[in-house]
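Q: My file is work-v3.cif. It has mmCIF, C-alpha atoms and all ligand atoms:
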```cif
data_target
#
loop_
_atom_site.label_atom_id
_atom_site.label_comp_id
_atom_site.auth_asym_id
_atom_site.auth_seq_id
_atom_site.Cartn_x
_atom_site.Cartn_y
_atom_site.Cartn_z
CA MET Z 1 0.00 0.00 0.00
CA THR Z 2 1.55 3.25 -1.14
CA THR Z 3 1.32 6.42 0.93
CA LYS Z 4 2.70 8.90 -1.59
CA PRO Z 5 0.26 10.69 -3.88
CA LEU Z 6 -0.29 10.11 -7.58
CA ILE Z 7 1.74 12.06 -10.14
CA ALA Z 8 0.65 12.30 -13.79
CA ILE Z 9 3.18 13.20 -16.48
CA THR Z 10 2.44 13.94 -20.14
CA GLY Z 11 5.16 13.29 -22.70
CA ALA Z 12 6.81 10.69 -20.45
CA SER Z 13 7.98 8.45 -23.29
CA SER Z 14 11.33 10.23 -23.72
CA GLY Z 15 13.60 13.04 -22.58
CA ILE Z 16 12.54 15.21 -19.67
CA GLY Z 17 9.24 13.42 -19.04
CA ALA Z 18 10.91 9.99 -18.84
CA ALA Z 19 13.56 11.39 -16.46
CA MET Z 20 10.84 12.81 -14.22
CA ALA Z 21 9.02 9.48 -14.26
CA LYS Z 22 12.14 7.66 -13.07
CA ARG Z 23 12.92 10.23 -10.40
CA PHE Z 24 9.39 10.42 -8.97
CA SER Z 25 9.07 6.63 -9.09
CA ASP Z 26 12.34 6.28 -7.16
CA ALA Z 27 10.83 8.64 -4.59
CA GLY Z 28 7.92 6.23 -4.15
CA HIS Z 29 5.11 7.95 -6.06
CA PRO Z 30 2.56 6.01 -8.08
CA LEU Z 31 2.49 7.37 -11.62
CA LEU Z 32 0.24 7.88 -14.57
CA LEU Z 33 2.44 8.13 -17.66
CA LEU Z 34 0.98 9.51 -20.88
CA ALA Z 35 2.29 9.78 -24.43
CA ARG Z 36 1.38 8.44 -27.85
CA ARG Z 37 4.14 5.77 -27.82
CA VAL Z 38 2.78 3.65 -24.99
CA GLU Z 39 5.42 0.95 -25.61
CA LYS Z 40 8.13 3.45 -24.61
CA LEU Z 41 6.22 4.24 -21.40
CA GLU Z 42 5.96 0.55 -20.60
CA ALA Z 43 9.66 0.02 -21.37
CA LEU Z 44 10.51 2.30 -18.42
CA ASN Z 45 9.29 -0.64 -16.35
CA LEU Z 46 8.31 1.37 -13.28
CA THR Z 47 6.29 -0.07 -10.39
CA ASN Z 48 2.89 1.33 -9.35
CA THR Z 49 2.57 2.90 -12.77
CA LEU Z 50 -0.28 3.07 -15.24
CA CYS Z 51 0.80 3.77 -18.83
CA ARG Z 52 -1.75 5.01 -21.34
CA ALA Z 53 -1.51 5.97 -25.01
CA VAL Z 54 -2.80 9.53 -24.94
CA ASP Z 55 -2.48 12.30 -27.47
CA VAL Z 56 -2.82 15.49 -25.42
CA THR Z 57 -4.79 17.11 -28.23
CA ASN Z 58 -7.61 14.67 -27.40
CA PRO Z 59 -9.16 15.85 -24.12
CA ASP Z 60 -11.61 12.94 -23.78
CA VAL Z 61 -8.90 10.28 -23.90
CA LEU Z 62 -6.72 12.33 -21.55
CA GLN Z 63 -9.57 12.77 -19.08
CA SER Z 64 -10.48 9.09 -19.03
CA ALA Z 65 -6.85 8.08 -18.36
CA ILE Z 66 -6.77 10.49 -15.41
CA ARG Z 67 -10.01 9.05 -13.98
CA GLU Z 68 -8.77 5.47 -14.46
CA ALA Z 69 -5.53 6.20 -12.57
CA GLU Z 70 -7.36 8.05 -9.80
CA GLU Z 71 -9.59 5.03 -9.20
CA ILE Z 72 -6.49 2.96 -8.55
CA TYR Z 73 -4.14 5.39 -6.82
CA GLY Z 74 -6.29 8.27 -5.52
CA PRO Z 75 -6.30 11.88 -6.70
CA VAL Z 76 -3.59 13.37 -8.89
CA ASP Z 77 -1.52 15.58 -6.60
CA LEU Z 78 0.98 16.68 -9.24
CA MET Z 79 0.10 17.11 -12.91
CA VAL Z 80 3.15 17.67 -15.10
CA ASN Z 81 2.21 19.12 -18.47
CA ASN Z 82 5.42 18.34 -20.29
CA ALA Z 83 4.41 17.01 -23.75
CA GLY Z 84 5.73 19.28 -26.46
CA VAL Z 85 7.12 19.58 -29.95
CA MET Z 86 9.70 21.97 -31.39
CA LEU Z 87 9.74 22.35 -35.15
CA LEU Z 88 12.23 25.09 -35.97
CA GLY Z 89 11.87 26.97 -39.22
CA GLN Z 90 11.97 30.28 -41.01
CA ILE Z 91 8.56 31.84 -41.26
CA ASP Z 92 8.78 32.62 -44.98
CA THR Z 93 9.38 28.97 -45.87
CA GLN Z 94 8.02 26.85 -43.01
CA ASP Z 95 4.91 24.76 -43.65
CA PRO Z 96 2.06 26.30 -41.60
CA VAL Z 97 1.05 22.74 -40.68
CA GLU Z 98 4.10 22.78 -38.38
CA TRP Z 99 2.96 26.00 -36.66
CA LYS Z 100 -0.45 24.48 -36.03
CA LYS Z 101 1.02 21.27 -34.68
CA MET Z 102 3.11 23.19 -32.14
CA PHE Z 103 0.21 25.34 -31.01
CA ASP Z 104 -2.12 22.31 -30.81
CA VAL Z 105 0.27 20.27 -28.63
CA ASN Z 106 2.24 22.88 -26.67
CA VAL Z 107 -0.61 25.30 -25.96
CA ILE Z 108 -4.02 23.64 -26.36
CA GLY Z 109 -2.73 20.22 -25.27
CA LEU Z 110 -1.24 21.79 -22.16
CA LEU Z 111 -4.55 23.49 -21.36
CA HIS Z 112 -6.29 20.11 -21.70
CA GLY Z 113 -3.84 18.75 -19.13
CA VAL Z 114 -4.56 21.62 -16.75
CA GLN Z 115 -8.31 21.27 -17.18
CA SER Z 116 -8.24 17.51 -16.63
CA VAL Z 117 -7.26 17.92 -12.96
CA LEU Z 118 -8.07 21.48 -11.95
CA SER Z 119 -11.70 21.18 -10.80
CA ASP Z 120 -10.82 18.30 -8.48
CA MET Z 121 -7.77 20.13 -7.11
CA LYS Z 122 -9.88 23.22 -6.42
CA ALA Z 123 -12.52 21.10 -4.68
CA ARG Z 124 -9.84 19.34 -2.59
CA LYS Z 125 -8.09 22.65 -1.84
CA GLY Z 126 -4.72 21.26 -2.81
CA GLY Z 127 -2.54 19.99 -5.61
CA THR Z 128 0.18 21.19 -7.94
CA ILE Z 129 0.33 21.80 -11.66
CA LEU Z 130 3.78 21.99 -13.23
CA ASN Z 131 3.91 23.33 -16.77
CA ILE Z 132 7.03 22.90 -18.87
CA SER Z 133 7.66 26.09 -20.80
CA SER Z 134 11.14 26.97 -22.10
CA ILE Z 135 13.80 29.61 -21.97
CA ALA Z 136 12.19 30.28 -25.37
CA GLY Z 137 9.18 31.36 -23.32
CA ARG Z 138 11.28 34.23 -21.98
CA LYS Z 139 13.45 35.31 -24.92
CA SER Z 140 13.80 34.56 -28.62
CA PHE Z 141 16.27 32.48 -30.63
CA PRO Z 142 16.92 32.20 -34.39
CA ASN Z 143 14.36 30.13 -36.35
CA HIS Z 144 12.17 29.73 -33.26
CA ALA Z 145 9.33 32.18 -34.13
CA ALA Z 146 6.31 29.86 -33.87
CA TYR Z 147 7.89 27.81 -31.08
CA VAL Z 148 8.58 30.89 -28.93
CA GLY Z 149 4.98 31.87 -29.57
CA THR Z 150 3.83 28.63 -27.98
CA LYS Z 151 6.22 28.89 -25.04
CA PHE Z 152 5.54 32.57 -24.30
CA ALA Z 153 1.90 31.47 -24.28
CA VAL Z 154 2.66 28.66 -21.80
CA SER Z 155 4.47 31.03 -19.45
CA ALA Z 156 1.73 33.68 -19.67
CA MET Z 157 -1.12 31.20 -19.24
CA SER Z 158 0.61 29.53 -16.30
CA GLU Z 159 0.93 32.83 -14.46
CA ASN Z 160 -2.70 33.66 -15.16
CA ILE Z 161 -3.93 30.26 -13.97
CA ARG Z 162 -1.70 30.52 -10.90
CA GLU Z 163 -3.49 33.72 -9.88
CA GLU Z 164 -6.88 32.20 -10.71
CA VAL Z 165 -6.49 29.22 -8.37
CA ALA Z 166 -4.20 30.58 -5.65
CA ASP Z 167 -7.10 31.05 -3.21
CA ASP Z 168 -7.95 27.38 -3.67
CA ASN Z 169 -4.49 26.41 -2.37
CA VAL Z 170 -3.54 24.97 -5.76
CA ARG Z 171 0.02 25.68 -6.88
CA VAL Z 172 0.87 26.40 -10.51
CA MET Z 173 4.57 26.24 -11.30
CA THR Z 174 6.59 26.67 -14.48
CA ILE Z 175 10.02 25.42 -15.47
CA CYS Z 176 11.69 27.17 -18.39
CA PRO Z 177 14.54 24.86 -19.42
CA GLY Z 178 17.44 25.90 -21.59
CA VAL Z 179 18.82 23.36 -24.00
CA VAL Z 180 18.50 19.76 -22.78
CA GLY Z 181 19.80 16.65 -24.58
CA THR Z 182 16.59 14.92 -25.77
CA GLU Z 183 14.76 13.94 -28.97
CA LEU Z 184 13.18 17.40 -29.21
CA ILE Z 185 15.28 18.78 -32.08
CA ASP Z 186 15.04 15.54 -34.09
CA HIS Z 187 11.55 16.38 -35.38
CA THR Z 188 12.65 19.62 -37.06
CA THR Z 189 12.39 18.99 -40.80
CA ASP Z 190 14.91 21.62 -42.02
CA GLU Z 191 18.27 19.79 -42.09
CA GLN Z 192 20.36 22.99 -42.23
CA ILE Z 193 18.65 24.39 -39.14
CA LYS Z 194 19.16 21.07 -37.35
CA SER Z 195 22.85 21.06 -38.18
CA ASP Z 196 23.29 24.72 -37.15
CA TYR Z 197 21.51 23.91 -33.87
CA ALA Z 198 23.95 21.05 -33.19
CA ASP Z 199 26.91 23.38 -33.84
CA TRP Z 200 25.45 26.06 -31.58
CA ARG Z 201 24.85 23.53 -28.82
CA GLU Z 202 28.46 22.43 -29.00
CA SER Z 203 29.66 26.05 -28.99
CA ILE Z 204 28.00 26.65 -25.61
CA GLY Z 205 29.54 23.53 -24.07
CA GLY Z 206 26.64 21.14 -24.56
CA ALA Z 207 23.18 20.62 -23.17
CA LEU Z 208 21.80 19.84 -19.72
CA GLU Z 209 20.76 16.26 -18.96
CA PRO Z 210 17.03 15.45 -18.71
CA ASP Z 211 17.51 14.50 -15.06
CA ASP Z 212 18.74 18.06 -14.34
CA ILE Z 213 15.20 19.20 -15.09
CA ALA Z 214 13.67 16.27 -13.21
CA ARG Z 215 15.75 17.18 -10.15
CA THR Z 216 14.56 20.77 -10.41
CA ALA Z 217 10.95 19.58 -10.59
CA GLU Z 218 11.39 17.33 -7.58
CA PHE Z 219 12.81 20.23 -5.56
CA MET Z 220 9.98 22.59 -6.53
CA TYR Z 221 7.24 20.04 -5.84
CA GLY Z 222 8.89 18.96 -2.60
CA GLN Z 223 8.38 22.32 -0.88
CA PRO Z 224 5.41 22.69 1.48
CA GLN Z 225 2.03 23.30 -0.17
CA GLY Z 226 2.03 26.80 1.29
CA MET Z 227 5.15 27.71 -0.68
CA ASN Z 228 5.09 28.06 -4.45
CA ILE Z 229 8.30 28.35 -6.46
CA ARG Z 230 6.41 29.94 -9.33
CA GLU Z 231 8.99 29.81 -12.07
CA VAL Z 232 12.49 28.50 -12.58
CA VAL Z 233 14.64 29.28 -15.61
CA VAL Z 234 17.45 26.73 -15.79
CA GLY Z 235 19.93 26.11 -18.58
CA PRO Z 236 23.57 25.45 -19.35
CA THR Z 237 25.72 28.15 -17.78
CA ARG Z 238 27.06 29.32 -21.13
CA GLN Z 239 23.69 29.44 -22.92
CA PRO Z 240 22.67 32.99 -23.94
P1 LIG Z 301 11.26 14.85 -26.32
O1 LIG Z 301 11.00 14.99 -27.79
O2 LIG Z 301 12.29 13.87 -25.89
O3 LIG Z 301 9.90 14.54 -25.56
C1 LIG Z 301 8.67 15.08 -25.97
C2 LIG Z 301 7.57 14.26 -25.37
O4 LIG Z 301 6.31 14.82 -25.75
C3 LIG Z 301 7.59 12.81 -25.85
O5 LIG Z 301 7.37 11.97 -24.76
C4 LIG Z 301 6.41 12.74 -26.81
O6 LIG Z 301 5.83 11.44 -26.75
C5 LIG Z 301 5.48 13.77 -26.20
N1 LIG Z 301 4.50 14.27 -27.15
C6 LIG Z 301 4.70 14.94 -28.29
N2 LIG Z 301 3.52 15.18 -28.91
C7 LIG Z 301 2.57 14.64 -28.11
C8 LIG Z 301 1.16 14.56 -28.18
N3 LIG Z 301 0.48 15.08 -29.22
N4 LIG Z 301 0.49 13.94 -27.19
C9 LIG Z 301 1.16 13.40 -26.15
N5 LIG Z 301 2.48 13.45 -26.02
C10 LIG Z 301 3.18 14.05 -26.99
O7 LIG Z 301 11.63 16.31 -25.84
P2 LIG Z 301 11.88 16.95 -24.38
O8 LIG Z 301 11.90 15.93 -23.33
O9 LIG Z 301 13.01 17.86 -24.54
O10 LIG Z 301 10.57 17.86 -24.26
C11 LIG Z 301 9.74 17.90 -23.12
C12 LIG Z 301 9.27 19.33 -22.93
O11 LIG Z 301 10.37 20.16 -22.60
C13 LIG Z 301 8.62 19.97 -24.16
O12 LIG Z 301 7.48 20.72 -23.78
C14 LIG Z 301 9.71 20.90 -24.67
O13 LIG Z 301 9.18 21.98 -25.41
C15 LIG Z 301 10.32 21.33 -23.37
N6 LIG Z 301 11.67 21.88 -23.49
C16 LIG Z 301 12.71 21.12 -23.95
C17 LIG Z 301 13.97 21.69 -24.11
C18 LIG Z 301 15.11 20.93 -24.70
O14 LIG Z 301 16.14 21.57 -25.03
N7 LIG Z 301 15.05 19.63 -24.84
C19 LIG Z 301 14.22 23.09 -23.73
C20 LIG Z 301 13.07 23.77 -23.23
C21 LIG Z 301 11.85 23.18 -23.11
P3 LIG Z 301 5.18 10.63 -27.96
O15 LIG Z 301 5.93 10.99 -29.20
O16 LIG Z 301 5.35 9.20 -27.55
O17 LIG Z 301 3.74 11.06 -27.97
#
```
Mind turning the file's structure into structure tokens?
Ligand code: NDP

A:
Amino acid sequence: MTTKPLIAITGASSGIGAAMAKRFSDAGHPLLLLARRVEKLEALNLTNTLCRAVDVTNPDVLQSAIREAEEIYGPVDLMVNNAGVMLLGQIDTQDPVEWKKMFDVNVIGLLHGVQSVLSDMKARKGGTILNISSIAGRKSFPNHAAYVGTKFAVSAMSENIREEVADDNVRVMTICPGVVGTELIDHTTDEQIKSDYADWRESIGGALEPDDIARTAEFMYGQPQGMNIREVVVGPTRQP
């Protein structure tokens, strides 16, 4: 019988989400892990964990996975809205389908994640929502126009929601990571931009590890419910 509360993580099939899953599992939390590639969630092989194939752009499927996990493990105490895509491109040539995909997943998908737990957290007068924004939610970078749009939106929405639910004792937190070594860049379709990104990453001494962000999340969540570390910006020391 577990005593630690349930944590739900979107985008847990790789990178930062998978690192958070491992870290929170090691700390004894039951988990609900969500992503489209359910086989990668299952391959993490974590105990007390429910893995469900969920596309965050589909609120009904997301909601039913949350309810299923809550029936087994009790209420979600931490909802990590981490699922995201980064498709770098120049606005004059980039396929608008890529802009829409980023806004659908990074912005609307994140709102679905917030909505899936918020009413219950407000009713319980407790709980934490952790949204993964980006340093690109604070400043701009070359070829990032649509992506920074999504991440500025995540940072702004998170602050607004934080104020909206503060009286209900629900914490809303944001992490804005700098560059982290994950699959994120792999989905960019412009090969020149991908190669320039790799060179730039090397020029600043490399990326953070996914567990660096997981450790940050664990620290933020681990503070008392009456204390909210609202936002952390964390990146490689040499990153501009
Ligand atoms: P990864 O590409 O390794 O992970 C992205 C995760 O999002 C995967 O698990 C993927 O799972 C999931 N995902 C993508 N689309 C969907 C969808 N429609 N529905 C559900 N899940 C989805 O990258 P990171 O770990 O780096 O990214 C995690 C978050 O961190 C993102 O929000 C990203 O913007 C942010 N971030 C990353 C930085 C970096 O340098 N790596 C820097 C700043 C922020 P699947 O494909 O199985 O669905």

Q: Please identify all polymer residues within 12 Å of Z:Phe24, counting all atoms listed in the file, omitting same-chain residues fewer than 4 positions from it, and present them as an MDAnalysis selection string.

A: chainID Z and resid 4:9 12 17:20 28:33 46:49 78 80 211 214:219 221:222

Q: Quick one, how far is atom CA of Z:His187 from atom CA of Z:Ile66?

A: 27.7 Å

Q: Using all atoms listed in the file, which residues sit within 9 Å of Z:Lys151 once same-chain residues fewer than 6 positions away are excluded, as JSON, numbers by chain?

A: {"Z": [106, 107, 132, 133, 134, 135, 136, 137, 138, 176]}

Q: Could you take the residues named above and write them with C-alpha atoms, as a PDB file, in the frame of the given file?

A:
```pdb
ATOM      1  CA  ASN Z 106       2.240  22.880 -26.670  1.00  0.00           C
ATOM      2  CA  VAL Z 107      -0.610  25.300 -25.960  1.00  0.00           C
ATOM      3  CA  ILE Z 132       7.030  22.900 -18.870  1.00  0.00           C
ATOM      4  CA  SER Z 133       7.660  26.090 -20.800  1.00  0.00           C
ATOM      5  CA  SER Z 134      11.140  26.970 -22.100  1.00  0.00           C
ATOM      6  CA  ILE Z 135      13.800  29.610 -21.970  1.00  0.00           C
ATOM      7  CA  ALA Z 136      12.190  30.280 -25.370  1.00  0.00           C
ATOM      8  CA  GLY Z 137       9.180  31.360 -23.320  1.00  0.00           C
ATOM      9  CA  ARG Z 138      11.280  34.230 -21.980  1.00  0.00           C
ATOM     10  CA  CYS Z 176      11.690  27.170 -18.390  1.00  0.00           C
TER      11      CYS Z 176
END
```

Q: Using all atoms listed in the file and a cutoff of 12 Å, can you tell me which residues are near (22.0, 26.5, -35.1) in the file's coordinates, and write them out as a list in words?

A: Leu88, Gly89, Phe141, Pro142, Asn143, His144, Val179, Ile185, Thr188, Asp190, Glu191, Gln192, Ile193, Lys194, Ser195, Asp196, Tyr197, Ala198, Asp199, Trp200, Arg201, Glu202, Ser203 and Ile204 of chain Z

Q: Output as AutoDock Vina command-line options the centre and edge lengths (Å, one decimal) of the box along x, y and z of the file that holds every listed atom of stretch 91-99 of chain Z after adding 4 Å on each side.

A:
```
--center_x 5.2 --center_y 27.7 --center_z -41.3 --size_x 16.3 --size_y 17.9 --size_z 17.2
```

Q: Give me, please, the distance in Å between atom CA of Z:Arg67 and atom CA of Z:Ile175, quoted to one decimal.

A: 25.9 Å

Q: Could I get the residues of chain Z with an atom no further than 7 Å from an atom of ligand LIG 301 (chain Z), each paired with its nearest atom pair and that distance in Å to one decimal, using only C-alpha atoms and all ligand atoms, sorted by chain and residue number, as JSON lines?

A:
```
{"residue": "Z:Thr10", "atom": "CA", "partner": "Z:LIG301", "partner_atom": "N5", "distance": 5.9}
{"residue": "Z:Gly11", "atom": "CA", "partner": "Z:LIG301", "partner_atom": "O5", "distance": 3.3}
{"residue": "Z:Ala12", "atom": "CA", "partner": "Z:LIG301", "partner_atom": "O5", "distance": 4.5}
{"residue": "Z:Ser13", "atom": "CA", "partner": "Z:LIG301", "partner_atom": "O5", "distance": 3.9}
{"residue": "Z:Ser14", "atom": "CA", "partner": "Z:LIG301", "partner_atom": "O2", "distance": 4.3}
{"residue": "Z:Gly15", "atom": "CA", "partner": "Z:LIG301", "partner_atom": "O8", "distance": 3.4}
{"residue": "Z:Ile16", "atom": "CA", "partner": "Z:LIG301", "partner_atom": "O8", "distance": 3.8}
{"residue": "Z:Gly17", "atom": "CA", "partner": "Z:LIG301", "partner_atom": "O8", "distance": 5.6}
{"residue": "Z:Leu34", "atom": "CA", "partner": "Z:LIG301", "partner_atom": "C9", "distance": 6.6}
{"residue": "Z:Ala35", "atom": "CA", "partner": "Z:LIG301", "partner_atom": "N5", "distance": 4.0}
{"residue": "Z:Arg36", "atom": "CA", "partner": "Z:LIG301", "partner_atom": "O17", "distance": 3.5}
{"residue": "Z:Arg37", "atom": "CA", "partner": "Z:LIG301", "partner_atom": "O16", "distance": 3.6}
{"residue": "Z:Val38", "atom": "CA", "partner": "Z:LIG301", "partner_atom": "O16", "distance": 6.6}
{"residue": "Z:Val54", "atom": "CA", "partner": "Z:LIG301", "partner_atom": "C9", "distance": 5.7}
{"residue": "Z:Asp55", "atom": "CA", "partner": "Z:LIG301", "partner_atom": "N4", "distance": 3.4}
{"residue": "Z:Val56", "atom": "CA", "partner": "Z:LIG301", "partner_atom": "N4", "distance": 4.1}
{"residue": "Z:Thr57", "atom": "CA", "partner": "Z:LIG301", "partner_atom": "N3", "distance": 5.7}
{"residue": "Z:Asn82", "atom": "CA", "partner": "Z:LIG301", "partner_atom": "O12", "distance": 4.7}
{"residue": "Z:Ala83", "atom": "CA", "partner": "Z:LIG301", "partner_atom": "O4", "distance": 3.5}
{"residue": "Z:Gly84", "atom": "CA", "partner": "Z:LIG301", "partner_atom": "O12", "distance": 3.5}
{"residue": "Z:Val85", "atom": "CA", "partner": "Z:LIG301", "partner_atom": "C6", "distance": 5.5}
{"residue": "Z:Met86", "atom": "CA", "partner": "Z:LIG301", "partner_atom": "O13", "distance": 6.0}
{"residue": "Z:Val105", "atom": "CA", "partner": "Z:LIG301", "partner_atom": "N3", "distance": 5.2}
{"residue": "Z:Asn106", "atom": "CA", "partner": "Z:LIG301", "partner_atom": "O12", "distance": 6.4}
{"residue": "Z:Ile132", "atom": "CA", "partner": "Z:LIG301", "partner_atom": "O12", "distance": 5.4}
{"residue": "Z:Ser133", "atom": "CA", "partner": "Z:LIG301", "partner_atom": "C21", "distance": 5.6}
{"residue": "Z:Ser134", "atom": "CA", "partner": "Z:LIG301", "partner_atom": "C20", "distance": 3.9}
{"residue": "Z:Ile135", "atom": "CA", "partner": "Z:LIG301", "partner_atom": "C20", "distance": 6.0}
{"residue": "Z:Ala136", "atom": "CA", "partner": "Z:LIG301", "partner_atom": "C20", "distance": 6.9}
{"residue": "Z:Cys176", "atom": "CA", "partner": "Z:LIG301", "partner_atom": "C20", "distance": 6.1}
{"residue": "Z:Pro177", "atom": "CA", "partner": "Z:LIG301", "partner_atom": "C20", "distance": 4.2}
{"residue": "Z:Gly178", "atom": "CA", "partner": "Z:LIG301", "partner_atom": "C19", "distance": 4.8}
{"residue": "Z:Val179", "atom": "CA", "partner": "Z:LIG301", "partner_atom": "O14", "distance": 3.4}
{"residue": "Z:Val180", "atom": "CA", "partner": "Z:LIG301", "partner_atom": "O14", "distance": 3.7}
{"residue": "Z:Gly181", "atom": "CA", "partner": "Z:LIG301", "partner_atom": "N7", "distance": 5.6}
{"residue": "Z:Thr182", "atom": "CA", "partner": "Z:LIG301", "partner_atom": "O2", "distance": 4.4}
{"residue": "Z:Glu183", "atom": "CA", "partner": "Z:LIG301", "partner_atom": "O2", "distance": 3.9}
{"residue": "Z:Leu184", "atom": "CA", "partner": "Z:LIG301", "partner_atom": "O1", "distance": 3.5}
{"residue": "Z:Pro210", "atom": "CA", "partner": "Z:LIG301", "partner_atom": "O8", "distance": 6.9}
```

Q: For Z:Gln90, which residue out of Z:Val170, Z:Ala146, Z:Val154, Z:Met227 is the nearest one, using only C-alpha atoms?

A: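 Under the stated criterion, the closest residue is Z:Ala146.
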
Q: Any idea what the distance is between atom CA of Z:Met121 and atom CA of Z:Ala153?

A: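 Computing it gives 22.7 Å between the two atoms.
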
Q: Find the residues around Z:Ser158 up to 10 Å (all atoms listed in the file counted), leave out those fewer than 2 positions away in its own chain, and share them as a PDB file with C-alpha atoms, in the frame of the given file.

A:
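Below you can see around_35.pdb, which holds the result:
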```pdb
ATOM      1  CA  LEU Z 110      -1.240  21.790 -22.160  1.00  0.00           C
ATOM      2  CA  LEU Z 111      -4.550  23.490 -21.360  1.00  0.00           C
ATOM      3  CA  VAL Z 114      -4.560  21.620 -16.750  1.00  0.00           C
ATOM      4  CA  ILE Z 129       0.330  21.800 -11.660  1.00  0.00           C
ATOM      5  CA  LEU Z 130       3.780  21.990 -13.230  1.00  0.00           C
ATOM      6  CA  ASN Z 131       3.910  23.330 -16.770  1.00  0.00           C
ATOM      7  CA  ILE Z 132       7.030  22.900 -18.870  1.00  0.00           C
ATOM      8  CA  SER Z 133       7.660  26.090 -20.800  1.00  0.00           C
ATOM      9  CA  PHE Z 152       5.540  32.570 -24.300  1.00  0.00           C
ATOM     10  CA  ALA Z 153       1.900  31.470 -24.280  1.00  0.00           C
ATOM     11  CA  VAL Z 154       2.660  28.660 -21.800  1.00  0.00           C
ATOM     12  CA  SER Z 155       4.470  31.030 -19.450  1.00  0.00           C
ATOM     13  CA  ALA Z 156       1.730  33.680 -19.670  1.00  0.00           C
ATOM     14  CA  ASN Z 160      -2.700  33.660 -15.160  1.00  0.00           C
ATOM     15  CA  ILE Z 161      -3.930  30.260 -13.970  1.00  0.00           C
ATOM     16  CA  ARG Z 162      -1.700  30.520 -10.900  1.00  0.00           C
ATOM     17  CA  GLU Z 163      -3.490  33.720  -9.880  1.00  0.00           C
ATOM     18  CA  GLU Z 164      -6.880  32.200 -10.710  1.00  0.00           C
ATOM     19  CA  VAL Z 172       0.870  26.400 -10.510  1.00  0.00           C
ATOM     20  CA  MET Z 173       4.570  26.240 -11.300  1.00  0.00           C
ATOM     21  CA  THR Z 174       6.590  26.670 -14.480  1.00  0.00           C
ATOM     22  CA  ARG Z 230       6.410  29.940  -9.330  1.00  0.00           C
ATOM     23  CA  GLU Z 231       8.990  29.810 -12.070  1.00  0.00           C
TER      24      GLU Z 231
END
```

Q: Name the closest residue to Z:Ser25 among the candidates Z:Asp104, Z:Leu50, Z:Ile213, Z:Pro75; distances are taken between atoms, counting all atoms listed in the file.

A: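 Selected residue with least distance to Z:Ser25: Z:Leu50.
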
Q: Tell me which of Z:Arg238, Z:Ala123, Z:Asn228, Z:Thr189 sits closest to Z:Asp95, counting only C-alpha atoms.

A: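 Distance minimum relative to Z:Asp95 lands on Z:Thr189.
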
Q: From the list Z:Val148, Z:Ala166, Z:Ala65, Z:Ala53, which residue is nearest Z:Gly126 when using all atoms listed in the file?

A: Z:Ala166

Q: Of the residues Z:Asn58, Z:Asn45, Z:Ser140, Z:Gln63, which is the one nearest to Z:Ile108, using only C-alpha atoms?

A: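 Ranking Z:Asn58, Z:Asn45, Z:Ser140, Z:Gln63 by distance to Z:Ile108, first place goes to Z:Asn58.
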